[in-house]
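Structure data follow from query.cif (mmCIF, C-alpha atoms and all ligand atoms):
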```cif
data_start
loop_
_atom_site.label_atom_id
_atom_site.label_comp_id
_atom_site.auth_asym_id
_atom_site.auth_seq_id
_atom_site.Cartn_x
_atom_site.Cartn_y
_atom_site.Cartn_z
CA MET A 1 16.80 -30.09 -8.63
CA GLU A 2 14.60 -28.07 -6.36
CA THR A 3 16.13 -25.27 -4.39
CA ASN A 4 14.46 -24.31 -1.21
CA ILE A 5 16.05 -21.01 -0.30
CA GLN A 6 13.63 -18.72 1.48
CA ALA A 7 14.32 -15.07 0.81
CA GLU A 8 14.98 -13.09 3.99
CA PRO A 9 12.20 -10.57 4.57
CA LYS A 10 13.40 -7.11 3.61
CA LYS A 11 14.32 -4.69 6.38
CA ARG A 12 12.25 -1.57 6.33
CA ILE A 13 13.61 1.96 6.28
CA LEU A 14 11.73 5.16 7.00
CA SER A 15 12.95 8.72 7.09
CA GLY A 16 11.74 12.24 6.50
CA ILE A 17 12.80 15.83 6.04
CA GLN A 18 10.74 18.91 6.82
CA PRO A 19 9.85 21.21 3.93
CA SER A 20 10.77 24.18 6.10
CA GLY A 21 13.07 25.79 3.53
CA ALA A 22 15.52 24.96 0.81
CA LEU A 23 17.79 22.03 1.67
CA THR A 24 21.39 22.56 2.72
CA LEU A 25 24.50 20.60 1.96
CA GLY A 26 24.15 19.34 5.58
CA ASN A 27 20.77 17.78 4.80
CA TYR A 28 22.24 16.17 1.70
CA VAL A 29 25.32 14.69 3.33
CA GLY A 30 23.69 13.83 6.66
CA ALA A 31 20.48 12.41 5.26
CA LEU A 32 19.43 12.38 1.59
CA ARG A 33 22.62 10.98 0.14
CA ASN A 34 22.45 7.99 2.46
CA TRP A 35 18.81 7.41 1.66
CA VAL A 36 19.71 7.04 -2.00
CA GLN A 37 22.48 4.59 -1.13
CA LEU A 38 20.22 2.53 1.12
CA GLN A 39 17.40 2.45 -1.41
CA LYS A 40 19.76 0.82 -3.90
CA GLU A 41 20.54 -2.05 -1.53
CA GLU A 42 18.43 -5.11 -2.17
CA GLN A 43 17.89 -6.03 1.47
CA TYR A 44 15.90 -2.89 2.24
CA GLU A 45 12.47 -1.59 1.47
CA SER A 46 12.22 2.16 2.00
CA TYR A 47 9.60 4.78 2.77
CA TYR A 48 10.69 8.41 2.39
CA MET A 49 8.52 11.19 3.56
CA ILE A 50 8.17 14.96 3.35
CA ALA A 51 7.31 15.93 6.92
CA ASP A 52 4.88 18.74 6.14
CA LEU A 53 2.92 18.27 9.39
CA HIS A 54 6.11 18.79 11.37
CA SER A 55 7.04 21.90 9.44
CA ILE A 56 4.08 23.92 10.76
CA THR A 57 5.48 23.70 14.30
CA VAL A 58 7.27 26.83 13.05
CA ARG A 59 5.21 29.45 11.24
CA GLN A 60 5.05 28.88 7.48
CA GLU A 61 3.67 31.11 4.76
CA PRO A 62 1.16 28.81 2.94
CA LYS A 63 2.39 29.83 -0.50
CA ASP A 64 6.02 29.17 0.45
CA LEU A 65 5.12 25.88 2.11
CA ARG A 66 3.44 24.64 -1.08
CA LYS A 67 6.48 25.62 -3.12
CA ASN A 68 8.93 24.08 -0.64
CA CYS A 69 6.96 20.83 -0.66
CA MET A 70 7.11 20.45 -4.44
CA ASP A 71 10.74 21.59 -4.52
CA LEU A 72 11.65 18.99 -1.95
CA LEU A 73 9.86 16.22 -3.80
CA ALA A 74 11.72 17.16 -6.99
CA LEU A 75 14.98 17.28 -5.04
CA PHE A 76 14.41 13.80 -3.62
CA LEU A 77 14.11 12.53 -7.17
CA ALA A 78 16.96 14.68 -8.50
CA CYS A 79 19.27 13.28 -5.82
CA GLY A 80 18.50 9.78 -7.09
CA LEU A 81 15.57 8.43 -5.06
CA ASP A 82 13.27 6.19 -7.04
CA GLY A 83 9.66 7.13 -6.34
CA GLU A 84 8.23 4.70 -8.85
CA LYS A 85 9.48 1.62 -7.11
CA GLU A 86 9.09 2.69 -3.49
CA PRO A 87 6.93 5.28 -1.77
CA ILE A 88 7.85 8.94 -1.54
CA PHE A 89 4.95 10.75 0.08
CA PHE A 90 3.65 13.76 1.95
CA GLN A 91 3.06 13.06 5.65
CA SER A 92 -0.24 15.00 5.60
CA HIS A 93 -1.64 12.59 2.97
CA ILE A 94 -1.62 9.74 5.47
CA PRO A 95 -4.20 10.32 8.25
CA ALA A 96 -2.71 7.55 10.40
CA HIS A 97 0.27 9.78 11.32
CA THR A 98 -1.87 12.16 13.36
CA GLN A 99 -4.01 9.30 14.63
CA LEU A 100 -1.05 7.42 16.03
CA GLY A 101 0.56 10.71 17.07
CA TRP A 102 -2.34 11.29 19.47
CA VAL A 103 -2.12 7.83 21.00
CA LEU A 104 1.62 8.29 21.51
CA ASP A 105 1.09 11.79 22.97
CA CYS A 106 -0.95 10.07 25.64
CA ASN A 107 1.97 7.75 26.36
CA THR A 108 4.76 10.33 26.39
CA TYR A 109 5.73 12.19 29.57
CA MET A 110 6.08 15.96 29.79
CA GLY A 111 9.51 15.43 31.36
CA GLU A 112 10.72 13.45 28.34
CA LEU A 113 9.58 16.11 25.91
CA SER A 114 11.07 18.92 28.01
CA ARG A 115 14.50 17.31 27.75
CA MET A 116 14.60 17.36 23.92
CA THR A 117 17.39 19.65 22.74
CA GLN A 118 15.59 20.43 19.48
CA PHE A 119 12.62 21.73 21.49
CA LYS A 120 14.91 23.86 23.63
CA ASP A 121 16.77 25.22 20.56
CA LYS A 122 13.63 25.98 18.60
CA SER A 123 11.91 27.58 21.62
CA ARG A 124 14.86 29.91 21.89
CA LYS A 125 14.79 30.69 18.15
CA HIS A 126 11.02 31.18 18.00
CA ALA A 127 10.32 32.65 21.41
CA ASP A 128 7.10 34.29 20.17
CA ASN A 129 5.60 30.96 19.09
CA ILE A 130 6.40 28.16 21.54
CA ASN A 131 3.36 26.10 20.56
CA ALA A 132 2.10 22.72 21.77
CA GLY A 133 2.98 21.11 18.43
CA LEU A 134 6.62 22.11 18.84
CA PHE A 135 6.56 20.42 22.24
CA THR A 136 4.95 17.18 21.05
CA TYR A 137 6.96 17.12 17.79
CA PRO A 138 8.91 14.02 18.95
CA SER A 139 5.81 11.87 19.54
CA LEU A 140 4.54 12.65 16.04
CA MET A 141 7.97 11.72 14.73
CA ALA A 142 7.78 8.47 16.70
CA ALA A 143 4.39 7.84 15.07
CA ASP A 144 5.95 8.37 11.60
CA ILE A 145 8.47 5.68 12.30
CA LEU A 146 6.41 3.15 14.27
CA LEU A 147 3.49 3.20 11.82
CA TYR A 148 5.69 1.59 9.18
CA GLN A 149 7.33 -0.87 11.59
CA ALA A 150 10.67 0.55 10.43
CA ASP A 151 13.85 -1.33 11.30
CA LEU A 152 16.21 1.47 10.38
CA VAL A 153 15.96 5.26 10.40
CA PRO A 154 18.71 7.11 8.50
CA VAL A 155 19.16 10.59 10.01
CA GLY A 156 21.88 13.07 10.96
CA LYS A 157 23.33 13.06 14.47
CA ASP A 158 21.01 15.82 15.70
CA GLN A 159 18.04 13.42 15.49
CA LYS A 160 19.55 10.72 17.71
CA GLN A 161 17.71 11.93 20.81
CA HIS A 162 14.36 11.74 18.98
CA LEU A 163 15.18 8.21 17.89
CA GLU A 164 15.94 7.20 21.46
CA LEU A 165 12.57 8.52 22.58
CA THR A 166 10.91 6.63 19.70
CA ARG A 167 12.50 3.40 20.93
CA ASP A 168 11.37 4.09 24.50
CA LEU A 169 7.80 4.74 23.32
CA ALA A 170 7.73 1.56 21.26
CA VAL A 171 8.90 -0.53 24.21
CA ARG A 172 6.49 1.24 26.57
CA PHE A 173 3.53 0.58 24.29
CA ASN A 174 4.56 -3.02 23.66
CA ASN A 175 4.82 -3.66 27.40
CA ALA A 176 1.49 -2.02 28.16
CA TYR A 177 -0.58 -3.47 25.30
CA SER A 178 1.42 -6.51 24.02
CA ASP A 179 3.84 -6.64 21.13
CA THR A 180 2.78 -4.12 18.48
CA PHE A 181 5.74 -2.07 17.28
CA LYS A 182 9.13 -2.95 15.91
CA VAL A 183 11.82 -1.14 17.94
CA PRO A 184 13.80 0.86 15.33
CA GLU A 185 17.54 1.52 15.10
CA PRO A 186 19.04 4.84 14.07
CA TYR A 187 21.41 4.83 11.09
CA ILE A 188 23.86 7.70 11.42
CA PRO A 189 26.58 8.15 8.78
CA LYS A 190 30.25 7.99 9.84
CA VAL A 191 31.32 10.87 7.61
CA GLY A 192 29.36 14.10 7.51
CA ALA A 193 26.83 13.26 10.24
CA LYS A 194 27.08 16.87 11.28
CA ILE A 195 28.14 19.47 8.75
CA MET A 196 28.79 22.73 10.57
CA SER A 197 27.97 26.34 9.77
CA LEU A 198 30.52 27.99 7.47
CA GLN A 199 30.43 31.11 9.63
CA GLU A 200 30.19 29.62 13.12
CA PRO A 201 31.75 26.19 12.82
CA THR A 202 30.70 25.15 16.31
CA GLN A 203 27.04 25.34 15.23
CA LYS A 204 25.28 22.90 12.90
CA MET A 205 24.71 24.07 9.31
CA SER A 206 20.99 24.82 9.32
CA LYS A 207 18.57 26.02 6.66
CA SER A 208 16.86 28.26 9.20
CA ASP A 209 20.05 30.16 10.08
CA PRO A 210 19.47 33.91 9.49
CA ASN A 211 23.00 34.32 8.05
CA GLU A 212 22.89 32.97 4.50
CA ASN A 213 26.67 32.77 4.28
CA SER A 214 26.56 30.08 6.95
CA TYR A 215 25.03 27.45 4.69
CA ILE A 216 25.19 26.10 1.16
CA LEU A 217 21.83 25.37 -0.38
CA LEU A 218 21.57 22.50 -2.83
CA LEU A 219 19.92 24.92 -5.25
CA ASP A 220 22.25 27.90 -4.69
CA PRO A 221 23.62 29.27 -7.98
CA ILE A 222 27.10 27.87 -8.65
CA ASP A 223 28.90 31.22 -8.27
CA LYS A 224 27.21 31.76 -4.92
CA ILE A 225 28.40 28.35 -3.68
CA VAL A 226 31.97 29.21 -4.64
CA LYS A 227 31.74 32.59 -2.89
CA LYS A 228 30.29 31.13 0.29
CA ILE A 229 33.10 28.57 0.52
CA LYS A 230 35.72 31.27 -0.09
CA ARG A 231 34.22 33.30 2.76
CA ALA A 232 34.09 30.35 5.17
CA VAL A 233 35.70 31.03 8.55
CA THR A 234 39.09 29.34 9.06
CA ASP A 235 42.02 30.34 11.32
CA SER A 236 45.34 32.14 11.06
CA GLU A 237 47.55 29.06 10.95
CA ALA A 238 47.11 28.38 7.23
CA ARG A 239 47.58 24.59 7.53
CA VAL A 240 45.05 22.06 6.30
CA CYS A 241 44.91 19.62 9.20
CA LEU A 242 42.87 18.80 12.30
CA GLY A 243 43.69 20.54 15.57
CA GLU A 244 42.49 22.69 18.40
CA GLY A 245 40.74 25.89 17.32
CA LYS A 246 40.57 24.61 13.72
CA GLU A 247 36.86 23.77 13.62
CA GLY A 248 36.35 25.80 10.45
CA VAL A 249 39.07 23.91 8.57
CA GLU A 250 37.91 20.59 9.98
CA ASN A 251 34.40 21.31 8.69
CA LEU A 252 35.69 22.12 5.20
CA MET A 253 37.77 18.94 5.35
CA SER A 254 34.66 16.89 6.23
CA ILE A 255 32.77 18.48 3.38
CA TYR A 256 35.63 17.70 0.99
CA SER A 257 35.82 14.18 2.36
CA ALA A 258 32.06 13.67 1.97
CA MET A 259 32.22 14.90 -1.64
CA THR A 260 35.31 12.99 -2.77
CA GLY A 261 35.45 9.95 -0.48
CA LYS A 262 39.00 10.88 0.60
CA THR A 263 40.00 10.34 4.23
CA MET A 264 41.12 13.16 6.56
CA ASP A 265 44.72 11.85 6.36
CA GLU A 266 44.65 11.83 2.57
CA ILE A 267 43.32 15.39 2.56
CA THR A 268 46.01 16.57 4.99
CA ALA A 269 48.66 15.04 2.70
CA GLU A 270 47.10 16.48 -0.46
CA PHE A 271 47.27 20.04 0.86
CA ASP A 272 50.58 19.79 2.68
CA GLY A 273 52.49 23.03 2.00
CA LYS A 274 49.49 24.67 0.33
CA GLY A 275 47.43 27.56 1.68
CA TYR A 276 43.74 27.98 2.37
CA GLY A 277 43.17 29.61 -1.03
CA ASP A 278 44.05 26.40 -2.88
CA PHE A 279 42.19 24.28 -0.36
CA LYS A 280 38.97 26.30 -0.56
CA ALA A 281 39.10 26.28 -4.36
CA ALA A 282 39.33 22.48 -4.31
CA VAL A 283 36.45 22.18 -1.81
CA ALA A 284 34.30 24.48 -3.96
CA GLU A 285 35.08 22.50 -7.09
CA ALA A 286 34.22 19.21 -5.39
CA VAL A 287 30.91 20.56 -4.08
CA VAL A 288 29.96 22.03 -7.46
CA GLU A 289 30.75 18.77 -9.23
CA VAL A 290 28.26 16.95 -7.00
CA LEU A 291 25.56 19.63 -6.99
CA ARG A 292 25.52 20.67 -10.65
CA PRO A 293 23.87 17.50 -12.01
CA ILE A 294 21.36 17.54 -9.13
CA GLN A 295 20.40 21.13 -9.97
CA GLU A 296 19.96 20.30 -13.65
CA LYS A 297 17.75 17.33 -12.90
CA HIS A 298 15.73 19.33 -10.40
CA ALA A 299 15.06 22.09 -12.95
CA ASP A 300 13.81 19.47 -15.45
CA LEU A 301 11.54 17.82 -12.92
CA MET A 302 10.00 21.11 -11.83
CA LYS A 303 8.79 21.54 -15.40
CA ASN A 304 6.86 18.30 -15.14
CA LYS A 305 4.22 18.82 -12.45
CA ASP A 306 2.10 15.90 -13.71
CA TYR A 307 4.94 13.52 -13.15
CA LEU A 308 5.58 14.85 -9.64
CA GLU A 309 1.90 14.49 -8.87
CA SER A 310 1.87 10.91 -10.07
CA ILE A 311 4.80 10.12 -7.76
CA TYR A 312 3.27 11.51 -4.57
CA ARG A 313 -0.16 10.00 -5.34
CA LYS A 314 1.33 6.57 -5.84
CA GLY A 315 3.49 7.09 -2.74
CA ALA A 316 0.45 7.94 -0.62
CA GLU A 317 -1.38 4.86 -1.83
CA MET A 318 1.49 2.55 -0.89
CA ALA A 319 2.17 4.30 2.42
CA ASN A 320 -1.52 4.35 3.38
CA TYR A 321 -1.79 0.62 2.86
CA THR A 322 0.97 -0.10 5.40
CA ALA A 323 0.03 2.68 7.84
CA ARG A 324 -3.63 1.61 8.04
CA LYS A 325 -2.69 -1.88 9.11
CA THR A 326 -0.71 -0.56 12.08
CA ILE A 327 -3.23 2.05 13.20
CA SER A 328 -6.14 -0.36 13.22
CA LYS A 329 -4.10 -2.78 15.31
CA VAL A 330 -3.19 0.04 17.72
CA TYR A 331 -6.79 1.25 18.06
CA ARG A 332 -7.94 -2.27 18.77
CA LYS A 333 -5.25 -2.86 21.39
CA VAL A 334 -5.95 0.43 23.14
CA GLY A 335 -9.59 -0.62 23.55
CA PHE A 336 -11.44 1.49 20.98
CA ILE A 337 -14.57 -0.11 19.48
CA GLN A 338 -14.01 -1.03 15.82
CA PRO A 339 -16.14 1.21 13.57
P1 LIG B 401 15.89 23.39 10.56
O1 LIG B 401 17.06 24.28 10.35
O2 LIG B 401 14.60 23.90 10.00
O3 LIG B 401 15.80 22.86 11.95
P2 LIG B 401 17.43 21.32 9.45
O4 LIG B 401 18.30 21.95 8.44
O5 LIG B 401 18.04 20.91 10.75
O6 LIG B 401 16.13 22.16 9.67
P3 LIG B 401 15.79 18.98 9.15
O7 LIG B 401 14.63 18.96 8.27
O8 LIG B 401 15.51 19.15 10.62
O9 LIG B 401 16.82 20.07 8.72
O10 LIG B 401 16.68 17.70 8.94
C1 LIG B 401 16.60 16.80 7.87
C2 LIG B 401 17.68 15.77 7.95
O11 LIG B 401 18.94 16.37 7.69
C3 LIG B 401 17.82 15.11 9.33
O12 LIG B 401 18.11 13.75 9.16
C4 LIG B 401 18.98 15.81 9.94
O13 LIG B 401 19.65 15.00 10.89
C5 LIG B 401 19.85 16.07 8.73
N1 LIG B 401 20.68 17.25 8.93
C6 LIG B 401 20.25 18.52 9.11
N2 LIG B 401 21.28 19.37 9.23
C7 LIG B 401 22.40 18.63 9.13
C8 LIG B 401 23.80 18.93 9.18
N3 LIG B 401 24.23 20.16 9.36
N4 LIG B 401 24.69 17.92 9.03
C9 LIG B 401 24.26 16.66 8.84
N5 LIG B 401 22.96 16.30 8.79
C10 LIG B 401 22.03 17.25 8.93
N1 LIG B 402 12.56 15.58 12.78
C1 LIG B 402 13.21 15.17 11.58
C2 LIG B 402 12.30 15.11 10.40
C3 LIG B 402 11.44 13.93 10.57
C4 LIG B 402 11.84 12.57 10.57
C5 LIG B 402 10.67 11.82 10.79
C6 LIG B 402 13.07 11.94 10.39
C7 LIG B 402 10.09 13.94 10.81
N2 LIG B 402 9.64 12.68 10.94
C8 LIG B 402 10.71 10.42 10.86
C9 LIG B 402 13.10 10.53 10.47
C10 LIG B 402 11.95 9.81 10.70
C11 LIG B 402 14.31 16.13 11.27
O1 LIG B 402 15.11 15.76 10.57
N3 LIG B 402 14.31 17.29 11.81
#
```
Structure encoded using structure tokens:
Amino acid sequence: METNIQAEPKKRILSGIQPSGALTLGNYVGALRNWVQLQKEEQYESYYMIADLHSITVRQEPKDLRKNCMDLLALFLACGLDGEKEPIFFQSHIPAHTQLGWVLDCNTYMGELSRMTQFKDKSRKHADNINAGLFTYPSLMAADILLYQADLVPVGKDQKQHLELTRDLAVRFNNAYSDTFKVPEPYIPKVGAKIMSLQEPTQKMSKSDPNENSYILLLDPIDKIVKKIKRAVTDSEARVCLGEGKEGVENLMSIYSAMTGKTMDEITAEFDGKGYGDFKAAVAEAVVEVLRPIQEKHADLMKNKDYLESIYRKGAEMANYTARKTISKVYRKVGFIQP
């Protein structure tokens, strides 16, 4: 008997992380971990990118940038992404990103870019270098996404505003020049979408924070991770539960929840009658259990530069193929003469 079941076309995923420093636990929980999960699901086809072009919106030492790029690629793989099956690539290897970035720049309003909280935050942090690239960062990010006709973009909560602008730009272009871009949806995790600083739990945990006790790096030595968690800011109540003025404890509870899969209620029950010492020890143990195998794998991969090279070369080839199709369509629709 003949079966006539047509396979649904796969939904496409694209996301990226800047190689602007070593990754934090926030990047892992808010982004990378979900990428790995999504890549395993049959209904998706995913493109994961190292956003090196974006990273130079803040000054980078070339030597450090090169190292961070390779480190990040190895971390992607160590966290479980499969770069043999689906593309993992460097943004700067695909010329179409800057090409589409320019076209979108010309369709993005100054007012829209001025409203971006990331621009405002970074301008404050880097007051001596408020450059044009920092300002137009969101239209390049929109280009990253729209080039691949992505359906879904897995990111942490802080990127939601950029995703909204991306959707607006896609619709604007489609209306002006006829249907060209897929309008993408953000995919923001329910747990751990915003891991907070261990020292100032009202601020996001960020790899560019000057206080190194505020973040846990994925590649921090194990004893350092344990120390940082022990030093995390809590409160004087000594009760593991949610509540006003307990942002520090709530953050540690979210980290514990993200590491173990336990709910906030289960965690409250588990530590009922226990103090912060016991709680922090358990959080540290849970984090170490997740990070140790990633660190071991990363160290192995960093010894194999040829393999890493083969992954990003293959990634660029696959990504270029898709990106070129979109950019030539865009150039044609805008009215440029075909070369
Ligand atoms: P920077 O400090 O240089 O601005 P960052 O640490 O915010 O960098 P990005 O490269 O901007 O990191 O972000 C990479 C991904 O990690 C994004 O999807 C972002 O939403 C997510 N992410 C970053 N920080 C956190 C956090 N504290 N909690 C959850 N997700 C996060
Ligand atoms: N701005 C993002 C990094 C990034 C990105 C992208 C994320 C650059 N291009 C495309 C998703 C899709 C950030 O996380 N800071």
- request: Enumerate as a PyMOL selection string the residues within 8 Å of ligand LIG 402 (chain B), counting all atoms listed in the file.
  value: chain A and resi 14-18+49-51+54+137-138+140-142+144-145+153-156+158-159+162
task: Excluding Asp64 (chain A) and any residue of its chain fewer than 2 positions from it, enumerate the residues within 12 Å of it, using all atoms listed in the file, and give them as a list in words.
output: Pro19, Ser20, Gly21, Ala22, Asp52, Ser55, Ile56, Arg59, Gln60, Glu61, Pro62, Arg66, Lys67, Asn68, Cys69, Met70, Asp71 and Leu72 of chain A
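Between CA of His93 (chain A) and CA of Ala316 (chain A) lies a distance of 6.2 Å.
With distances restricted to all atoms listed in the file, A:Lys280 is the closest residue to Met253 (chain A) from A:Lys63, A:Lys280, A:Lys305, A:His126.
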query: Around (5.5, 9.2, -0.7) in the file's own coordinates, what residues are found within 7 Å if you use all atoms listed in the file, given back as a PyMOL selection string?
result: chain A and resi 47-49+87-90+312+315-316+319
Identify, on the basis of all atoms listed in the file, every residue whose closest approach to Ile195 (chain A) does not exceed 9 Å; exclude the query and any residue fewer than 2 positions from it along the same chain; express the result as a PDB file with C-alpha atoms, in the coordinates of the input.
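Saved file result_10.pdb follows:
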```pdb
ATOM      1  CA  LEU A  25      24.500  20.600   1.960  1.00  0.00           C
ATOM      2  CA  GLY A  26      24.150  19.340   5.580  1.00  0.00           C
ATOM      3  CA  ASN A  27      20.770  17.780   4.800  1.00  0.00           C
ATOM      4  CA  VAL A  29      25.320  14.690   3.330  1.00  0.00           C
ATOM      5  CA  GLY A  30      23.690  13.830   6.660  1.00  0.00           C
ATOM      6  CA  GLY A 192      29.360  14.100   7.510  1.00  0.00           C
ATOM      7  CA  ALA A 193      26.830  13.260  10.240  1.00  0.00           C
ATOM      8  CA  SER A 197      27.970  26.340   9.770  1.00  0.00           C
ATOM      9  CA  LEU A 198      30.520  27.990   7.470  1.00  0.00           C
ATOM     10  CA  PRO A 201      31.750  26.190  12.820  1.00  0.00           C
ATOM     11  CA  GLN A 203      27.040  25.340  15.230  1.00  0.00           C
ATOM     12  CA  LYS A 204      25.280  22.900  12.900  1.00  0.00           C
ATOM     13  CA  MET A 205      24.710  24.070   9.310  1.00  0.00           C
ATOM     14  CA  SER A 206      20.990  24.820   9.320  1.00  0.00           C
ATOM     15  CA  ASN A 251      34.400  21.310   8.690  1.00  0.00           C
ATOM     16  CA  LEU A 252      35.690  22.120   5.200  1.00  0.00           C
ATOM     17  CA  SER A 254      34.660  16.890   6.230  1.00  0.00           C
ATOM     18  CA  ILE A 255      32.770  18.480   3.380  1.00  0.00           C
TER      19      ILE A 255
END
```
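Going from CA of Glu250 (chain A) over to atom O12 of ligand LIG 401 (chain B), you cover 21.0 Å.
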task: Can you pull out every residue within 8 Å of Asp82 (chain A), counting all atoms listed in the file, but drop anything in the same chain fewer than 4 positions away, and send it as a ChimeraX atom specification?
output: /A:39,77,86
query: What gap, in Å, lies between atom O10 of ligand LIG 401 (chain B) and CA of Ala299 (chain A)?
result: 22.4 Å
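When all atoms listed in the file are used to compute distances to Asp272 (chain A), the closest of the residues A:Val287, A:Ile94, A:Met110, A:Ala238 turns out to be A:Ala238.
With distances taken over only C-alpha atoms and all ligand atoms, A:Pro210 is the one residue among A:Gly101, A:Pro9, A:Pro95, A:Pro210 lying closest to ligand LIG 401 (chain B).
Among the candidates A:Glu45, A:Asp151, A:Asp121, A:Asp300, the residue lying nearest to ligand LIG 401 (chain B) is A:Asp121 (atoms considered: all atoms listed in the file).
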field: Residues within 10 Å of Ala269 (chain A), all atoms listed in the file, excluding chain neighbours under 5 positions, as a list in words
entry: Val240, Cys241, Thr263, Met264 and Lys274 of chain A
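Each of A:Arg115, A:Lys160, A:Lys333, A:Lys194 was compared to ligand LIG 401 (chain B) using all atoms listed in the file, and A:Lys194 turns out to be the nearest.
Proximity to ligand LIG 401 (chain B) was assessed for A:Val58, A:Ala143, A:Val288, A:Leu152 counting only C-alpha atoms and all ligand atoms; the smallest distance is recorded for A:Val58.
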Please write out, as lines of an AutoDock Vina configuration file, where the centre of an axis-aligned box around all listed atoms of ligand LIG 401 (chain B) lies and how long its edges are, in Å to one decimal, after adding 4 Å on each side.
```
center_x = 19.6
center_y = 19.0
center_z = 9.8
size_x = 18.1
size_y = 18.5
size_z = 12.3
```
field: Close residues, Arg239 (chain A) itself excluded, 10 Å, all atoms listed in the file, min 3 positions apart in chain, as JSON, numbers by chain
entry: {"A": [234, 235, 236, 242, 243, 246, 249, 268, 271, 272, 273, 274, 275, 276, 279]}
Is there a way to complete region 272-290 of chain A with N, CA and C atoms and then write that out as a PDB file, in the frame of the given file?
```
ATOM      1  N   ASP A 272      49.363  19.489   1.924  1.00  0.00           N
ATOM      2  CA  ASP A 272      50.580  19.790   2.680  1.00  0.00           C
ATOM      3  C   ASP A 272      51.359  20.883   1.933  1.00  0.00           C
ATOM      4  N   GLY A 273      51.699  21.942   2.622  1.00  0.00           N
ATOM      5  CA  GLY A 273      52.490  23.030   2.000  1.00  0.00           C
ATOM      6  C   GLY A 273      51.639  23.993   1.184  1.00  0.00           C
ATOM      7  N   LYS A 274      50.347  23.745   1.086  1.00  0.00           N
ATOM      8  CA  LYS A 274      49.490  24.670   0.330  1.00  0.00           C
ATOM      9  C   LYS A 274      48.667  25.520   1.290  1.00  0.00           C
ATOM     10  N   GLY A 275      48.188  26.648   0.816  1.00  0.00           N
ATOM     11  CA  GLY A 275      47.430  27.560   1.680  1.00  0.00           C
ATOM     12  C   GLY A 275      45.933  27.313   1.600  1.00  0.00           C
ATOM     13  N   TYR A 276      45.187  28.133   2.344  1.00  0.00           N
ATOM     14  CA  TYR A 276      43.740  27.980   2.370  1.00  0.00           C
ATOM     15  C   TYR A 276      43.079  28.353   1.041  1.00  0.00           C
ATOM     16  N   GLY A 277      43.733  29.222   0.270  1.00  0.00           N
ATOM     17  CA  GLY A 277      43.170  29.610  -1.030  1.00  0.00           C
ATOM     18  C   GLY A 277      42.997  28.376  -1.913  1.00  0.00           C
ATOM     19  N   ASP A 278      44.091  27.613  -2.049  1.00  0.00           N
ATOM     20  CA  ASP A 278      44.050  26.400  -2.880  1.00  0.00           C
ATOM     21  C   ASP A 278      43.037  25.403  -2.327  1.00  0.00           C
ATOM     22  N   PHE A 279      43.076  25.255  -1.005  1.00  0.00           N
ATOM     23  CA  PHE A 279      42.190  24.280  -0.360  1.00  0.00           C
ATOM     24  C   PHE A 279      40.721  24.635  -0.613  1.00  0.00           C
ATOM     25  N   LYS A 280      40.369  25.910  -0.387  1.00  0.00           N
ATOM     26  CA  LYS A 280      38.970  26.300  -0.560  1.00  0.00           C
ATOM     27  C   LYS A 280      38.531  26.151  -2.021  1.00  0.00           C
ATOM     28  N   ALA A 281      39.451  26.435  -2.949  1.00  0.00           N
ATOM     29  CA  ALA A 281      39.100  26.280  -4.360  1.00  0.00           C
ATOM     30  C   ALA A 281      38.779  24.813  -4.662  1.00  0.00           C
ATOM     31  N   ALA A 282      39.565  23.915  -4.070  1.00  0.00           N
ATOM     32  CA  ALA A 282      39.330  22.480  -4.310  1.00  0.00           C
ATOM     33  C   ALA A 282      38.006  22.039  -3.681  1.00  0.00           C
ATOM     34  N   VAL A 283      37.718  22.549  -2.476  1.00  0.00           N
ATOM     35  CA  VAL A 283      36.450  22.180  -1.810  1.00  0.00           C
ATOM     36  C   VAL A 283      35.290  22.655  -2.680  1.00  0.00           C
ATOM     37  N   ALA A 284      35.387  23.920  -3.151  1.00  0.00           N
ATOM     38  CA  ALA A 284      34.300  24.480  -3.960  1.00  0.00           C
ATOM     39  C   ALA A 284      34.099  23.644  -5.223  1.00  0.00           C
ATOM     40  N   GLU A 285      35.197  23.271  -5.853  1.00  0.00           N
ATOM     41  CA  GLU A 285      35.080  22.500  -7.090  1.00  0.00           C
ATOM     42  C   GLU A 285      34.404  21.150  -6.828  1.00  0.00           C
ATOM     43  N   ALA A 286      34.792  20.524  -5.716  1.00  0.00           N
ATOM     44  CA  ALA A 286      34.220  19.210  -5.390  1.00  0.00           C
ATOM     45  C   ALA A 286      32.715  19.327  -5.115  1.00  0.00           C
ATOM     46  N   VAL A 287      32.331  20.387  -4.407  1.00  0.00           N
ATOM     47  CA  VAL A 287      30.910  20.560  -4.080  1.00  0.00           C
ATOM     48  C   VAL A 287      30.119  20.815  -5.370  1.00  0.00           C
ATOM     49  N   VAL A 288      30.660  21.683  -6.221  1.00  0.00           N
ATOM     50  CA  VAL A 288      29.960  22.030  -7.460  1.00  0.00           C
ATOM     51  C   VAL A 288      29.793  20.793  -8.355  1.00  0.00           C
ATOM     52  N   GLU A 289      30.819  19.969  -8.385  1.00  0.00           N
ATOM     53  CA  GLU A 289      30.750  18.770  -9.230  1.00  0.00           C
ATOM     54  C   GLU A 289      29.598  17.853  -8.794  1.00  0.00           C
ATOM     55  N   VAL A 290      29.363  17.784  -7.496  1.00  0.00           N
ATOM     56  CA  VAL A 290      28.260  16.950  -7.000  1.00  0.00           C
ATOM     57  C   VAL A 290      26.905  17.636  -7.218  1.00  0.00           C
TER      58      VAL A 290
END
```
